[in-house]
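What follows is one structure encoded as structure tokens, with my remarks underneath.
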Amino acid sequence: MRPGDEDPSLKDTTHIAIIDKDGNVFDATPSGGWISGGVIAGNTGVGLSTRGEQFWLDSTRAAQIRPRSRPRYTLTPSIILQNGEPFMALGTPGGDNQEQTIIQALLNVLEFRSLWYPNLHAAFELPRIQTFHFLGSFWPHRIEANRLELETGISPGVLDALRARGHDVRFVAPFSISGCATGVIIDPRTGSRIAGADPRRDCYASAY
């Protein structure tokens with residue numbers, strides 16, 4: 001990318017996961033706001049992001065703004081180990097949906113291997129659910145009590161069981177839930193790298 005190719009006021013989040021031939025792992029989830037809306041810390045060159053918006057002005061909240069406090073953070077780049085050795089680099093954009101995306105993608109990889117191996121894309125394509133039953137990290141910190149969304153492809157029996165427990169459940173179109181898992185694993189059987197990218201947003205995977 002060349003200077004001037006992109007509008008510097010653009011923000012939002014992306015993710016990159018890399019495992020090289022020597023087993024070195026890099027996993028990062030850069031998120032927008034600091035270039036256009038943040039500040040540079042003195043003469044350090046370090047950009048301070050606008051994630052301070054995730055603080056609360058309400059003094060009764062644990063995440064209230066106060067000295068030496070950190071805001072609740074949604075960014076969750078993850079490196080997974082097996083027997084103490086790197087196995088997977090995984091992450092996603094998606095605000096408050098990031099943790100939900102990562103845990104579902106990871107469970108698909110670890111617990112439902114027969115549904116995807118050796119095509120990691122397939123693990124990320126499986127239907128997802130998301131909950132809105134929490135106070136949002138971003139202003140104005142909304143909550144949608146008991147609301148769940150299920151992508152088409154999940155058994156209707158699951159929907160019925162959740163509704164019976166009092167959840168406000170809605171089916172949504174395939175690949176429409178926020179989040180876009182990207183990851184790469186070291187195949188424990190062969191040592192080869194297997195990369196995968198989620199179809200829910202524009203993303204790309206390459207391995208060799």
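Just remember, in the structure tokens the first chain shown is A, the second B, etc., residues are 1-based per chain, and ligands are 1-based in the order shown.
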- Query: Leaving out Ala62 (chain A) and any residue of its chain fewer than 5 positions from it, which residues lie within 10 Å of it when counting only C-alpha atoms, given as a PyMOL selection string?
  - Reply: chain A and resi 55-56+69+71-72
- region 124-135 of chain A surroundings by only C-alpha atoms, 10 Å radius, close-in-sequence under 4 positions cut, as a VMD selection string: chain A and resid 96 to 97 100 to 102 104 to 106 108 to 109 115 to 116 119 to 120 139 to 155 167 to 183 196 to 200
Could you dump the residues just selected with N, CA and C atoms as a short mmCIF file (atom, residue, chain, number, x, y, z; two decimals), in the first residue's frame?
data_model
loop_
_atom_site.label_atom_id
_atom_site.label_comp_id
_atom_site.auth_asym_id
_atom_site.auth_seq_id
_atom_site.Cartn_x
_atom_site.Cartn_y
_atom_site.Cartn_z
N ASP A 96 -17.65 -6.53 20.06
CA ASP A 96 -17.99 -7.43 21.17
C ASP A 96 -18.22 -8.86 20.71
N ASN A 97 -18.23 -9.10 19.42
CA ASN A 97 -18.42 -10.46 18.93
C ASN A 97 -17.10 -11.21 18.81
N GLN A 100 -16.77 -14.28 21.06
CA GLN A 100 -17.74 -15.30 20.64
C GLN A 100 -17.27 -16.01 19.37
N THR A 101 -16.73 -15.25 18.43
CA THR A 101 -16.22 -15.83 17.19
C THR A 101 -15.04 -16.75 17.46
N ILE A 102 -14.11 -16.30 18.28
CA ILE A 102 -12.89 -17.07 18.54
C ILE A 102 -13.21 -18.38 19.24
N GLN A 104 -15.98 -20.13 19.25
CA GLN A 104 -16.68 -21.06 18.37
C GLN A 104 -15.75 -21.62 17.30
N ALA A 105 -14.90 -20.77 16.72
CA ALA A 105 -13.95 -21.25 15.72
C ALA A 105 -12.97 -22.24 16.33
N LEU A 106 -12.50 -21.95 17.54
CA LEU A 106 -11.54 -22.85 18.20
C LEU A 106 -12.18 -24.18 18.55
N ASN A 108 -14.65 -25.56 16.98
CA ASN A 108 -14.80 -26.29 15.71
C ASN A 108 -13.51 -27.00 15.34
N VAL A 109 -12.38 -26.32 15.52
CA VAL A 109 -11.08 -26.90 15.18
C VAL A 109 -10.74 -28.07 16.10
N LEU A 115 -15.29 -32.55 10.70
CA LEU A 115 -16.11 -31.69 9.85
C LEU A 115 -15.27 -30.77 8.95
N TRP A 116 -13.97 -30.69 9.21
CA TRP A 116 -13.19 -29.73 8.44
C TRP A 116 -11.84 -30.24 7.95
N ASN A 119 -9.24 -28.93 5.64
CA ASN A 119 -9.61 -27.63 5.06
C ASN A 119 -10.05 -26.69 6.18
N LEU A 120 -9.13 -25.86 6.67
CA LEU A 120 -9.43 -24.98 7.80
C LEU A 120 -10.53 -23.98 7.47
N TRP A 139 -19.88 3.00 23.47
CA TRP A 139 -20.96 3.95 23.73
C TRP A 139 -22.07 3.77 22.70
N PRO A 140 -23.35 3.73 23.10
CA PRO A 140 -23.90 4.04 24.43
C PRO A 140 -24.10 2.81 25.32
N HIS A 141 -23.33 1.75 25.14
CA HIS A 141 -23.34 0.58 26.03
C HIS A 141 -24.72 -0.06 26.13
N ARG A 142 -25.30 -0.35 24.97
CA ARG A 142 -26.64 -0.94 24.95
C ARG A 142 -26.61 -2.41 25.38
N ILE A 143 -27.76 -2.90 25.81
CA ILE A 143 -27.95 -4.31 26.10
C ILE A 143 -29.25 -4.76 25.45
N GLU A 144 -29.25 -5.96 24.88
CA GLU A 144 -30.48 -6.54 24.33
C GLU A 144 -30.71 -7.85 25.07
N ALA A 145 -31.45 -7.75 26.16
CA ALA A 145 -31.60 -8.86 27.09
C ALA A 145 -32.17 -10.10 26.41
N ASN A 146 -31.54 -11.23 26.67
CA ASN A 146 -31.98 -12.56 26.23
C ASN A 146 -31.90 -12.79 24.72
N ARG A 147 -31.41 -11.81 23.97
CA ARG A 147 -31.43 -11.96 22.50
C ARG A 147 -30.28 -12.83 22.01
N LEU A 148 -30.62 -13.80 21.17
CA LEU A 148 -29.65 -14.67 20.51
C LEU A 148 -29.93 -14.68 19.02
N GLU A 149 -28.87 -14.73 18.21
CA GLU A 149 -29.01 -14.93 16.77
C GLU A 149 -28.32 -16.22 16.38
N LEU A 150 -28.99 -17.01 15.55
CA LEU A 150 -28.44 -18.26 15.04
C LEU A 150 -28.42 -18.20 13.53
N GLU A 151 -27.29 -18.51 12.94
CA GLU A 151 -27.23 -18.58 11.49
C GLU A 151 -27.98 -19.81 10.98
N THR A 152 -28.64 -19.65 9.85
CA THR A 152 -29.31 -20.78 9.21
C THR A 152 -28.32 -21.91 9.02
N GLY A 153 -28.77 -23.11 9.35
CA GLY A 153 -27.89 -24.27 9.30
C GLY A 153 -27.78 -24.95 10.64
N ILE A 154 -28.07 -24.20 11.70
CA ILE A 154 -28.16 -24.79 13.04
C ILE A 154 -29.53 -25.44 13.17
N SER A 155 -29.57 -26.58 13.80
CA SER A 155 -30.80 -27.37 13.90
C SER A 155 -31.95 -26.56 14.50
N HIS A 167 -35.06 -17.54 25.91
CA HIS A 167 -34.25 -16.69 25.03
C HIS A 167 -35.09 -16.14 23.88
N ASP A 168 -34.77 -14.92 23.48
CA ASP A 168 -35.36 -14.31 22.28
C ASP A 168 -34.46 -14.70 21.11
N VAL A 169 -34.83 -15.78 20.41
CA VAL A 169 -33.95 -16.38 19.40
C VAL A 169 -34.44 -16.04 18.00
N ARG A 170 -33.50 -15.69 17.13
CA ARG A 170 -33.83 -15.36 15.75
C ARG A 170 -32.85 -16.05 14.81
N PHE A 171 -33.40 -16.64 13.75
CA PHE A 171 -32.54 -17.16 12.69
C PHE A 171 -32.13 -16.00 11.78
N VAL A 172 -30.87 -16.00 11.36
CA VAL A 172 -30.38 -15.00 10.42
C VAL A 172 -29.74 -15.72 9.24
N ALA A 173 -29.44 -14.98 8.18
CA ALA A 173 -28.89 -15.58 6.97
C ALA A 173 -27.52 -16.20 7.22
N PRO A 174 -27.15 -17.19 6.42
CA PRO A 174 -25.80 -17.77 6.55
C PRO A 174 -24.72 -16.70 6.40
N PHE A 175 -23.66 -16.84 7.16
CA PHE A 175 -22.48 -15.97 7.08
C PHE A 175 -22.80 -14.50 7.38
N SER A 176 -23.84 -14.23 8.17
CA SER A 176 -24.24 -12.85 8.41
C SER A 176 -23.87 -12.34 9.80
N ILE A 177 -23.44 -13.23 10.69
CA ILE A 177 -23.08 -12.81 12.04
C ILE A 177 -21.72 -12.12 12.01
N SER A 178 -21.61 -11.04 12.77
CA SER A 178 -20.37 -10.27 12.81
C SER A 178 -19.20 -11.14 13.25
N GLY A 179 -18.04 -10.78 12.78
CA GLY A 179 -16.84 -11.57 13.08
C GLY A 179 -16.31 -12.21 11.82
N CYS A 180 -15.01 -12.39 11.78
CA CYS A 180 -14.38 -12.95 10.58
C CYS A 180 -13.09 -13.64 11.01
N ALA A 181 -13.20 -14.91 11.37
CA ALA A 181 -12.04 -15.63 11.89
C ALA A 181 -10.99 -15.85 10.79
N THR A 182 -9.76 -15.58 11.13
CA THR A 182 -8.63 -15.95 10.28
C THR A 182 -7.62 -16.65 11.16
N GLY A 183 -7.00 -17.69 10.63
CA GLY A 183 -6.06 -18.42 11.45
C GLY A 183 -5.16 -19.33 10.65
N GLY A 196 -6.67 -20.70 7.14
CA GLY A 196 -8.10 -20.60 6.85
C GLY A 196 -8.59 -19.18 6.98
N ALA A 197 -9.61 -18.84 6.19
CA ALA A 197 -10.20 -17.50 6.21
C ALA A 197 -11.72 -17.63 6.18
N ASP A 198 -12.36 -16.75 6.91
CA ASP A 198 -13.81 -16.75 7.09
C ASP A 198 -14.50 -16.04 5.93
N PRO A 199 -15.60 -16.59 5.40
CA PRO A 199 -16.30 -15.92 4.29
C PRO A 199 -17.19 -14.77 4.73
N ARG A 200 -17.27 -14.49 6.02
CA ARG A 200 -18.20 -13.47 6.49
C ARG A 200 -17.75 -12.04 6.18
#
- Sel. of helix (DSSP H, G or I) residues, region 2-198 of chain A, as a PyMOL selection string: chain A and resi 51-54+95-111+113-115+120-125+156-164
- Message: I'd like to know which residues of region 22-141 of chain A are strand (DSSP E or B) (by DSSP, run on the backbone); could you write them as a PyMOL selection string?
- Response: chain A and resi 25-28+31+39-40+47-48+56+64+78-82+85-91+129-131
- Task: Excluding Asp20 (chain A) and any residue of its chain fewer than 4 positions from it, enumerate the residues within 10 Å of it, using only C-alpha atoms, and give them as an NGL selection string.
- Result: :A and (24-26 or 186 or 193 or 207-208)
- Item | Coordinates-based distance that separates CA of Gly52 (chain A) from CA of Ser31 (chain A) (Å, one decimal) | 12.9 Å
- Can you tell me, as an NGL selection string, what residues are no more than 10 Å from Gly95 (chain A) when counting only C-alpha atoms, ignoring any on the same chain fewer than 4 positions away? :A and (12-13 or 31 or 73-76 or 99 or 136-138 or 178-179)
